[in-house]
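Data block for upload12.pdb (PDB, C-alpha atoms):
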MODEL        1
ATOM      1  CA  MET A   1     -59.876 -11.161  74.612  1.00  0.00           C
ATOM      2  CA  LEU A   2     -58.381  -9.823  71.375  1.00  0.00           C
ATOM      3  CA  ASN A   3     -55.081 -11.225  70.299  1.00  0.00           C
ATOM      4  CA  ASP A   4     -51.880  -9.219  70.088  1.00  0.00           C
ATOM      5  CA  THR A   5     -52.328  -8.290  66.425  1.00  0.00           C
ATOM      6  CA  ALA A   6     -55.732  -6.722  67.073  1.00  0.00           C
ATOM      7  CA  ARG A   7     -54.402  -4.739  70.075  1.00  0.00           C
ATOM      8  CA  ILE A   8     -51.522  -3.274  68.106  1.00  0.00           C
ATOM      9  CA  LEU A   9     -53.524  -2.254  65.015  1.00  0.00           C
ATOM     10  CA  PRO A  10     -56.123   0.544  65.104  1.00  0.00           C
ATOM     11  CA  ARG A  11     -59.739  -0.644  65.234  1.00  0.00           C
ATOM     12  CA  SER A  12     -60.368   1.014  61.886  1.00  0.00           C
ATOM     13  CA  SER A  13     -57.713  -1.175  60.226  1.00  0.00           C
ATOM     14  CA  PRO A  14     -59.122  -3.828  57.821  1.00  0.00           C
ATOM     15  CA  ILE A  15     -56.697  -6.371  59.223  1.00  0.00           C
ATOM     16  CA  ALA A  16     -57.867  -5.753  62.763  1.00  0.00           C
ATOM     17  CA  THR A  17     -61.506  -5.981  61.731  1.00  0.00           C
ATOM     18  CA  THR A  18     -60.897  -9.279  59.964  1.00  0.00           C
ATOM     19  CA  GLN A  19     -59.046 -10.663  62.954  1.00  0.00           C
ATOM     20  CA  ILE A  20     -61.852  -9.653  65.337  1.00  0.00           C
ATOM     21  CA  ARG A  21     -64.461 -11.335  63.181  1.00  0.00           C
ATOM     22  CA  SER A  22     -62.458 -14.505  62.819  1.00  0.00           C
ATOM     23  CA  ASP A  23     -61.958 -14.708  66.600  1.00  0.00           C
ATOM     24  CA  ALA A  24     -65.604 -13.991  67.360  1.00  0.00           C
ATOM     25  CA  ALA A  25     -67.194 -16.281  64.763  1.00  0.00           C
ATOM     26  CA  PRO A  26     -66.829 -19.579  66.643  1.00  0.00           C
ATOM     27  CA  HIS A  27     -68.643 -18.094  69.672  1.00  0.00           C
ATOM     28  CA  ALA A  28     -71.717 -17.043  67.678  1.00  0.00           C
ATOM     29  CA  ASP A  29     -73.240 -20.502  68.041  1.00  0.00           C
ATOM     30  CA  ARG A  30     -71.700 -23.028  70.421  1.00  0.00           C
ATOM     31  CA  SER A  31     -73.433 -25.836  68.513  1.00  0.00           C
ATOM     32  CA  GLY A  32     -71.090 -25.227  65.596  1.00  0.00           C
ATOM     33  CA  ARG A  33     -73.838 -24.300  63.104  1.00  0.00           C
ATOM     34  CA  GLY A  34     -72.960 -20.650  63.164  1.00  0.00           C
ATOM     35  CA  GLY A  35     -69.309 -21.407  62.503  1.00  0.00           C
ATOM     36  CA  ALA A  36     -70.131 -23.591  59.492  1.00  0.00           C
ATOM     37  CA  ALA A  37     -72.416 -20.958  58.001  1.00  0.00           C
ATOM     38  CA  ASN A  38     -69.818 -18.253  58.444  1.00  0.00           C
ATOM     39  CA  THR A  39     -67.172 -20.477  56.886  1.00  0.00           C
ATOM     40  CA  LEU A  40     -69.434 -21.100  53.838  1.00  0.00           C
ATOM     41  CA  ARG A  41     -70.088 -17.381  53.444  1.00  0.00           C
ATOM     42  CA  ALA A  42     -66.355 -16.719  53.747  1.00  0.00           C
ATOM     43  CA  VAL A  43     -65.623 -18.866  50.651  1.00  0.00           C
ATOM     44  CA  SER A  44     -64.874 -16.535  47.766  1.00  0.00           C
ATOM     45  CA  PRO A  45     -67.162 -16.526  44.681  1.00  0.00           C
ATOM     46  CA  ARG A  46     -64.232 -17.662  42.559  1.00  0.00           C
ATOM     47  CA  LEU A  47     -63.647 -20.696  44.770  1.00  0.00           C
ATOM     48  CA  ARG A  48     -67.369 -21.546  44.766  1.00  0.00           C
ATOM     49  CA  LEU A  49     -67.336 -21.387  40.943  1.00  0.00           C
ATOM     50  CA  ALA A  50     -64.304 -23.658  40.805  1.00  0.00           C
ATOM     51  CA  LEU A  51     -65.987 -26.208  43.074  1.00  0.00           C
ATOM     52  CA  PHE A  52     -69.159 -26.062  40.969  1.00  0.00           C
ATOM     53  CA  LEU A  53     -67.222 -26.610  37.723  1.00  0.00           C
ATOM     54  CA  ALA A  54     -65.324 -29.488  39.261  1.00  0.00           C
ATOM     55  CA  GLY A  55     -68.622 -31.142  40.069  1.00  0.00           C
ATOM     56  CA  VAL A  56     -69.906 -30.578  36.540  1.00  0.00           C
ATOM     57  CA  PHE A  57     -66.742 -32.043  35.023  1.00  0.00           C
ATOM     58  CA  ALA A  58     -67.002 -35.105  37.252  1.00  0.00           C
ATOM     59  CA  LEU A  59     -70.597 -35.708  36.171  1.00  0.00           C
ATOM     60  CA  THR A  60     -69.667 -35.202  32.506  1.00  0.00           C
ATOM     61  CA  ALA A  61     -66.834 -37.730  32.759  1.00  0.00           C
ATOM     62  CA  ALA A  62     -69.151 -40.263  34.372  1.00  0.00           C
ATOM     63  CA  ALA A  63     -71.729 -39.714  31.633  1.00  0.00           C
ATOM     64  CA  ALA A  64     -69.074 -40.189  28.923  1.00  0.00           C
ATOM     65  CA  VAL A  65     -67.969 -43.489  30.440  1.00  0.00           C
ATOM     66  CA  ALA A  66     -71.584 -44.660  30.564  1.00  0.00           C
ATOM     67  CA  LEU A  67     -72.133 -43.585  26.954  1.00  0.00           C
ATOM     68  CA  PHE A  68     -69.105 -45.487  25.647  1.00  0.00           C
ATOM     69  CA  ALA A  69     -70.132 -48.536  27.661  1.00  0.00           C
ATOM     70  CA  ALA A  70     -73.599 -48.393  26.121  1.00  0.00           C
ATOM     71  CA  GLY A  71     -72.014 -48.115  22.671  1.00  0.00           C
ATOM     72  CA  ASP A  72     -69.925 -51.220  23.292  1.00  0.00           C
ATOM     73  CA  ARG A  73     -72.991 -53.163  24.347  1.00  0.00           C
ATOM     74  CA  ALA A  74     -74.832 -52.047  21.204  1.00  0.00           C
ATOM     75  CA  VAL A  75     -72.040 -53.191  18.904  1.00  0.00           C
ATOM     76  CA  GLN A  76     -71.963 -56.563  20.650  1.00  0.00           C
ATOM     77  CA  GLY A  77     -75.732 -57.017  20.392  1.00  0.00           C
ATOM     78  CA  PRO A  78     -77.587 -59.349  18.025  1.00  0.00           C
ATOM     79  CA  GLY A  79     -78.924 -56.700  15.606  1.00  0.00           C
ATOM     80  CA  PHE A  80     -77.276 -55.096  12.592  1.00  0.00           C
ATOM     81  CA  GLN A  81     -75.348 -51.904  13.184  1.00  0.00           C
ATOM     82  CA  GLY A  82     -75.917 -50.551   9.676  1.00  0.00           C
ATOM     83  CA  ALA A  83     -79.252 -49.534   8.161  1.00  0.00           C
ATOM     84  CA  GLN A  84     -81.190 -52.591   7.053  1.00  0.00           C
ATOM     85  CA  ARG A  85     -82.455 -52.452   3.490  1.00  0.00           C
ATOM     86  CA  PRO A  86     -85.910 -53.613   2.355  1.00  0.00           C
ATOM     87  CA  ALA A  87     -86.103 -57.317   1.542  1.00  0.00           C
ATOM     88  CA  SER A  88     -87.908 -56.491  -1.710  1.00  0.00           C
ATOM     89  CA  ILE A  89     -84.757 -55.114  -3.388  1.00  0.00           C
ATOM     90  CA  PRO A  90     -83.735 -57.687  -6.028  1.00  0.00           C
ATOM     91  CA  ALA A  91     -80.164 -58.884  -6.378  1.00  0.00           C
ATOM     92  CA  ALA A  92     -78.384 -56.808  -9.047  1.00  0.00           C
ATOM     93  CA  GLU A  93     -76.287 -59.139 -11.174  1.00  0.00           C
ATOM     94  CA  PHE A  94     -73.548 -57.821 -13.435  1.00  0.00           C
ATOM     95  CA  GLY A  95     -70.581 -58.942 -15.442  1.00  0.00           C
ATOM     96  CA  LEU A  96     -67.867 -56.264 -15.645  1.00  0.00           C
ATOM     97  CA  ARG A  97     -64.078 -56.193 -15.722  1.00  0.00           C
ATOM     98  CA  ASP A  98     -61.807 -55.355 -12.808  1.00  0.00           C
ATOM     99  CA  GLU A  99     -58.498 -53.439 -12.859  1.00  0.00           C
ATOM    100  CA  GLU A 100     -56.663 -56.587 -14.018  1.00  0.00           C
ATOM    101  CA  GLY A 101     -59.103 -57.280 -16.844  1.00  0.00           C
ATOM    102  CA  ARG A 102     -60.749 -60.218 -15.062  1.00  0.00           C
ATOM    103  CA  LEU A 103     -64.507 -60.672 -15.206  1.00  0.00           C
ATOM    104  CA  VAL A 104     -66.382 -59.890 -11.985  1.00  0.00           C
ATOM    105  CA  ARG A 105     -69.757 -61.580 -11.533  1.00  0.00           C
ATOM    106  CA  LEU A 106     -71.738 -61.502  -8.294  1.00  0.00           C
ATOM    107  CA  VAL A 107     -73.161 -64.942  -8.989  1.00  0.00           C
ATOM    108  CA  GLY A 108     -69.660 -66.296  -8.517  1.00  0.00           C
ATOM    109  CA  LEU A 109     -69.569 -64.833  -4.998  1.00  0.00           C
ATOM    110  CA  ARG A 110     -72.734 -66.471  -3.688  1.00  0.00           C
ATOM    111  CA  GLY A 111     -72.682 -68.212  -0.322  1.00  0.00           C
ATOM    112  CA  ARG A 112     -70.846 -65.496   1.642  1.00  0.00           C
ATOM    113  CA  PRO A 113     -71.208 -61.804   2.449  1.00  0.00           C
ATOM    114  CA  VAL A 114     -69.864 -59.295  -0.067  1.00  0.00           C
ATOM    115  CA  VAL A 115     -68.911 -55.680   0.606  1.00  0.00           C
ATOM    116  CA  VAL A 116     -69.909 -53.359  -2.241  1.00  0.00           C
ATOM    117  CA  THR A 117     -68.698 -49.778  -2.089  1.00  0.00           C
ATOM    118  CA  PHE A 118     -68.730 -46.854  -4.533  1.00  0.00           C
ATOM    119  CA  LEU A 119     -65.506 -44.950  -5.171  1.00  0.00           C
ATOM    120  CA  TYR A 120     -63.519 -42.931  -7.654  1.00  0.00           C
ATOM    121  CA  THR A 121     -59.771 -42.997  -7.974  1.00  0.00           C
ATOM    122  CA  THR A 122     -59.036 -39.254  -7.790  1.00  0.00           C
ATOM    123  CA  CYS A 123     -61.039 -38.785  -4.580  1.00  0.00           C
ATOM    124  CA  GLU A 124     -58.994 -37.314  -1.739  1.00  0.00           C
ATOM    125  CA  ASP A 125     -61.371 -37.448   1.240  1.00  0.00           C
ATOM    126  CA  THR A 126     -64.392 -39.729   1.531  1.00  0.00           C
ATOM    127  CA  CYS A 127     -63.110 -42.555  -0.696  1.00  0.00           C
ATOM    128  CA  PRO A 128     -59.771 -43.076   1.100  1.00  0.00           C
ATOM    129  CA  LEU A 129     -61.617 -42.899   4.422  1.00  0.00           C
ATOM    130  CA  THR A 130     -64.175 -45.463   3.263  1.00  0.00           C
ATOM    131  CA  VAL A 131     -61.498 -47.919   2.142  1.00  0.00           C
ATOM    132  CA  ASP A 132     -59.505 -47.457   5.335  1.00  0.00           C
ATOM    133  CA  GLN A 133     -62.618 -48.317   7.358  1.00  0.00           C
ATOM    134  CA  ILE A 134     -63.259 -51.404   5.253  1.00  0.00           C
ATOM    135  CA  ARG A 135     -59.642 -52.534   5.626  1.00  0.00           C
ATOM    136  CA  GLY A 136     -59.949 -52.035   9.393  1.00  0.00           C
ATOM    137  CA  ALA A 137     -63.109 -54.169   9.429  1.00  0.00           C
ATOM    138  CA  LEU A 138     -61.369 -57.023   7.598  1.00  0.00           C
ATOM    139  CA  ASP A 139     -58.455 -56.821  10.013  1.00  0.00           C
ATOM    140  CA  GLU A 140     -60.815 -56.903  12.993  1.00  0.00           C
ATOM    141  CA  LEU A 141     -62.776 -59.774  11.475  1.00  0.00           C
ATOM    142  CA  GLY A 142     -59.554 -61.761  11.105  1.00  0.00           C
ATOM    143  CA  HIS A 143     -60.140 -62.839   7.505  1.00  0.00           C
ATOM    144  CA  ASP A 144     -61.110 -61.323   4.166  1.00  0.00           C
ATOM    145  CA  VAL A 145     -64.451 -61.330   2.415  1.00  0.00           C
ATOM    146  CA  PRO A 146     -64.987 -60.136  -1.170  1.00  0.00           C
ATOM    147  CA  VAL A 147     -64.833 -56.351  -1.484  1.00  0.00           C
ATOM    148  CA  ILE A 148     -66.075 -54.781  -4.726  1.00  0.00           C
ATOM    149  CA  ALA A 149     -65.385 -51.117  -5.492  1.00  0.00           C
ATOM    150  CA  VAL A 150     -67.773 -49.854  -8.155  1.00  0.00           C
ATOM    151  CA  SER A 151     -66.466 -46.891 -10.138  1.00  0.00           C
ATOM    152  CA  VAL A 152     -68.568 -43.707  -9.993  1.00  0.00           C
ATOM    153  CA  ASP A 153     -66.290 -41.725 -12.327  1.00  0.00           C
ATOM    154  CA  PRO A 154     -65.738 -43.973 -15.363  1.00  0.00           C
ATOM    155  CA  ALA A 155     -64.007 -41.279 -17.429  1.00  0.00           C
ATOM    156  CA  ASN A 156     -61.105 -41.106 -14.959  1.00  0.00           C
ATOM    157  CA  ASP A 157     -61.209 -44.509 -13.275  1.00  0.00           C
ATOM    158  CA  THR A 158     -58.799 -46.338 -15.533  1.00  0.00           C
ATOM    159  CA  PRO A 159     -57.324 -49.736 -14.627  1.00  0.00           C
ATOM    160  CA  ARG A 160     -53.985 -48.090 -13.894  1.00  0.00           C
ATOM    161  CA  ALA A 161     -55.579 -45.471 -11.631  1.00  0.00           C
ATOM    162  CA  ALA A 162     -57.538 -48.185  -9.819  1.00  0.00           C
ATOM    163  CA  ARG A 163     -54.397 -50.235  -9.180  1.00  0.00           C
ATOM    164  CA  ARG A 164     -52.591 -47.161  -7.870  1.00  0.00           C
ATOM    165  CA  PHE A 165     -55.470 -46.300  -5.527  1.00  0.00           C
ATOM    166  CA  SER A 166     -55.612 -49.827  -4.081  1.00  0.00           C
ATOM    167  CA  LEU A 167     -51.835 -49.839  -3.587  1.00  0.00           C
ATOM    168  CA  GLN A 168     -51.930 -46.509  -1.746  1.00  0.00           C
ATOM    169  CA  ARG A 169     -54.720 -47.734   0.562  1.00  0.00           C
ATOM    170  CA  ARG A 170     -53.003 -51.119   1.124  1.00  0.00           C
ATOM    171  CA  MET A 171     -55.894 -53.019  -0.414  1.00  0.00           C
ATOM    172  CA  THR A 172     -54.154 -54.703  -3.344  1.00  0.00           C
ATOM    173  CA  GLY A 173     -55.466 -58.256  -3.508  1.00  0.00           C
ATOM    174  CA  ARG A 174     -58.176 -57.496  -0.937  1.00  0.00           C
ATOM    175  CA  MET A 175     -60.457 -55.329  -3.080  1.00  0.00           C
ATOM    176  CA  ARG A 176     -61.462 -55.543  -6.745  1.00  0.00           C
ATOM    177  CA  TRP A 177     -62.673 -52.622  -8.795  1.00  0.00           C
ATOM    178  CA  VAL A 178     -65.606 -52.814 -11.187  1.00  0.00           C
ATOM    179  CA  LEU A 179     -64.815 -50.617 -14.194  1.00  0.00           C
ATOM    180  CA  GLY A 180     -66.530 -49.828 -17.442  1.00  0.00           C
ATOM    181  CA  ASP A 181     -68.199 -47.092 -19.424  1.00  0.00           C
ATOM    182  CA  ARG A 182     -70.997 -44.933 -18.065  1.00  0.00           C
ATOM    183  CA  ALA A 183     -73.758 -46.848 -19.851  1.00  0.00           C
ATOM    184  CA  ARG A 184     -72.742 -50.159 -18.276  1.00  0.00           C
ATOM    185  CA  LEU A 185     -72.222 -48.745 -14.786  1.00  0.00           C
ATOM    186  CA  GLN A 186     -75.455 -46.763 -14.832  1.00  0.00           C
ATOM    187  CA  ARG A 187     -77.546 -49.853 -14.134  1.00  0.00           C
ATOM    188  CA  LEU A 188     -75.497 -50.639 -11.032  1.00  0.00           C
ATOM    189  CA  TRP A 189     -75.766 -47.081  -9.716  1.00  0.00           C
ATOM    190  CA  ARG A 190     -79.525 -47.226 -10.073  1.00  0.00           C
ATOM    191  CA  ALA A 191     -79.799 -50.645  -8.448  1.00  0.00           C
ATOM    192  CA  TYR A 192     -77.980 -49.384  -5.350  1.00  0.00           C
ATOM    193  CA  GLY A 193     -79.487 -45.876  -5.332  1.00  0.00           C
ATOM    194  CA  VAL A 194     -76.113 -44.200  -5.888  1.00  0.00           C
ATOM    195  CA  GLN A 195     -75.432 -40.764  -7.361  1.00  0.00           C
ATOM    196  CA  PRO A 196     -72.248 -40.894  -9.494  1.00  0.00           C
ATOM    197  CA  GLN A 197     -69.503 -38.312  -9.283  1.00  0.00           C
ATOM    198  CA  SER A 198     -69.938 -35.178 -11.397  1.00  0.00           C
ATOM    199  CA  GLU A 199     -68.640 -31.618 -11.581  1.00  0.00           C
ATOM    200  CA  ARG A 200     -71.823 -30.353  -9.938  1.00  0.00           C
ATOM    201  CA  MET A 201     -72.462 -33.051  -7.354  1.00  0.00           C
ATOM    202  CA  GLU A 202     -70.493 -35.348  -5.091  1.00  0.00           C
ATOM    203  CA  HIS A 203     -71.165 -39.055  -5.405  1.00  0.00           C
ATOM    204  CA  SER A 204     -73.063 -41.044  -2.791  1.00  0.00           C
ATOM    205  CA  ALA A 205     -70.517 -42.171  -0.205  1.00  0.00           C
ATOM    206  CA  SER A 206     -72.161 -45.521   0.402  1.00  0.00           C
ATOM    207  CA  THR A 207     -71.126 -49.045   1.371  1.00  0.00           C
ATOM    208  CA  VAL A 208     -73.543 -51.978   1.132  1.00  0.00           C
ATOM    209  CA  LEU A 209     -73.360 -55.502   2.518  1.00  0.00           C
ATOM    210  CA  LEU A 210     -74.799 -58.312   0.416  1.00  0.00           C
ATOM    211  CA  ASP A 211     -75.844 -61.558   2.044  1.00  0.00           C
ATOM    212  CA  GLY A 212     -75.032 -65.050   0.804  1.00  0.00           C
ATOM    213  CA  ARG A 213     -77.838 -64.875  -1.756  1.00  0.00           C
ATOM    214  CA  GLY A 214     -76.629 -61.595  -3.236  1.00  0.00           C
ATOM    215  CA  ARG A 215     -79.344 -59.445  -1.674  1.00  0.00           C
ATOM    216  CA  GLN A 216     -78.694 -55.961  -0.338  1.00  0.00           C
ATOM    217  CA  ARG A 217     -79.069 -56.330   3.421  1.00  0.00           C
ATOM    218  CA  VAL A 218     -77.231 -53.517   5.206  1.00  0.00           C
ATOM    219  CA  GLY A 219     -76.108 -50.050   4.148  1.00  0.00           C
ATOM    220  CA  PHE A 220     -73.609 -47.628   5.672  1.00  0.00           C
ATOM    221  CA  ALA A 221     -73.011 -43.999   4.785  1.00  0.00           C
ATOM    222  CA  THR A 222     -69.315 -43.196   5.132  1.00  0.00           C
ATOM    223  CA  SER A 223     -70.170 -40.698   7.879  1.00  0.00           C
ATOM    224  CA  VAL A 224     -71.260 -43.567  10.171  1.00  0.00           C
ATOM    225  CA  LEU A 225     -69.081 -46.398   8.843  1.00  0.00           C
ATOM    226  CA  THR A 226     -66.688 -47.838  11.424  1.00  0.00           C
ATOM    227  CA  PRO A 227     -64.488 -50.943  11.254  1.00  0.00           C
ATOM    228  CA  ARG A 228     -66.102 -52.411  14.333  1.00  0.00           C
ATOM    229  CA  ALA A 229     -69.678 -51.986  13.119  1.00  0.00           C
ATOM    230  CA  LEU A 230     -68.897 -53.324   9.645  1.00  0.00           C
ATOM    231  CA  ALA A 231     -67.037 -56.339  11.043  1.00  0.00           C
ATOM    232  CA  HIS A 232     -69.969 -56.989  13.381  1.00  0.00           C
ATOM    233  CA  ASP A 233     -72.492 -57.037  10.520  1.00  0.00           C
ATOM    234  CA  ILE A 234     -70.272 -59.167   8.263  1.00  0.00           C
ATOM    235  CA  ALA A 235     -69.987 -61.713  11.081  1.00  0.00           C
ATOM    236  CA  LEU A 236     -73.781 -61.764  11.477  1.00  0.00           C
ATOM    237  CA  LEU A 237     -74.258 -62.457   7.776  1.00  0.00           C
ATOM    238  CA  GLU A 238     -71.589 -65.175   7.865  1.00  0.00           C
ATOM    239  CA  ARG A 239     -73.376 -66.943  10.706  1.00  0.00           C
ATOM    240  CA  GLU A 240     -76.637 -66.558   8.831  1.00  0.00           C
ATOM    241  CA  ALA A 241     -75.120 -68.088   5.681  1.00  0.00           C
ATOM    242  CA  ALA A 242     -73.742 -71.017   7.696  1.00  0.00           C
ATOM    243  CA  THR A 243     -77.122 -71.772   9.270  1.00  0.00           C
ATOM    244  CA  PRO A 244     -79.032 -74.476   7.362  1.00  0.00           C
ATOM    245  CA  GLY A 245     -82.395 -73.416   5.979  1.00  0.00           C
TER     246      GLY A 245
ENDMDL
END
For this file, produce the structure as structure tokens.
Amino acid sequence: MLNDTARILPRSSPIATTQIRSDAAPHADRSGRGGAANTLRAVSPRLRLALFLAGVFALTAAAAVALFAAGDRAVQGPGFQGAQRPASIPAAEFGLRDEEGRLVRLVGLRGRPVVVTFLYTTCEDTCPLTVDQIRGALDELGHDVPVIAVSVDPANDTPRAARRFSLQRRMTGRMRWVLGDRARLQRLWRAYGVQPQSERMEHSASTVLLDGRGRQRVGFATSVLTPRALAHDIALLEREAATPG
């Protein structure tokens, strides 16, 4: 029997037609299968799209959690996070002055890891980012290791400019610059495969870890340098240096 609304409205009315169908649908299949099918068909396309997108978002969130978890496991693993350099690269010794006029010699830093990075004092993007990442690594490590910033723009990297840069990046006393003329710095650039800064080309944004014997062991481009990864690799080299033999 039709309900009161259907009796009052003309049979041609859309409301009446809808009401008749909704009343009749449960009786199409007493097992309930017909009712479920009709209910599914009655869901609007917009609602079906919303449900589909909700499912996609849920899967994406789960995948992101799994990805970050995998990243954490990788950082905590036994291998280096940076790119390992060939063992055949010889240690590049030098004797150059820092921003305070003191002599910097790598031989005096033997027995512990050393961070060597390549910067210029008027840089406004990659160099500040590089130093911030290094400072974060030292903070995460819980203690300092020697950090050497090799100038790639000797014409403008004066001692005063170097001191100002370190002060701005909160690295005074934690990082020493290596300054000098182009001829003296050229040998270092070549030894580390670094392109200096010029009007036509940006310098190589590179950071290298030396082991306790002064050898280049691990390299990071600034684009992939993170405090956690750098701290991880420094700690590996420290354990290596402390291991007899």
### Query
Just so the selection is clear, what residues does the PyMOL selection byres ((chain A and resi 162) around 12) cover here, as a count of residues only?
38
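Here atom CA of A:Ala92 is placed at a distance of 13.8 Å from atom CA of A:Thr117.
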### Query
Contacts of A:Leu237 at 8 Å or less, counting only C-alpha atoms, minus same-chain residues fewer than 6 places along, as a ChimeraX atom specification?
/A:112-113,211-212
### Task
Please provide as a count of residues only all residues within 12 Å of stretch 76-90 of chain A, with the sequence filter that same-chain residues fewer than 3 positions apart are discarded (counting all atoms listed in the file).
44
### Message
Evaluated on this file, the PyMOL selection byres ((chain A and resi 105) around 9) picks out some residues - which ones are they, written as a ChimeraX atom specification?
### Response
/A:93-97,103-104,106-109
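Among the candidate residues A:Val194, A:Leu141, A:Cys127, A:Ala91, the one lying nearest to A:Arg110 is A:Ala91, with distances computed using all atoms listed in the file.
For the atom pair formed by atom CA of A:Pro196 and atom CA of A:Asp144, the distance is 27.0 Å, given to one decimal.
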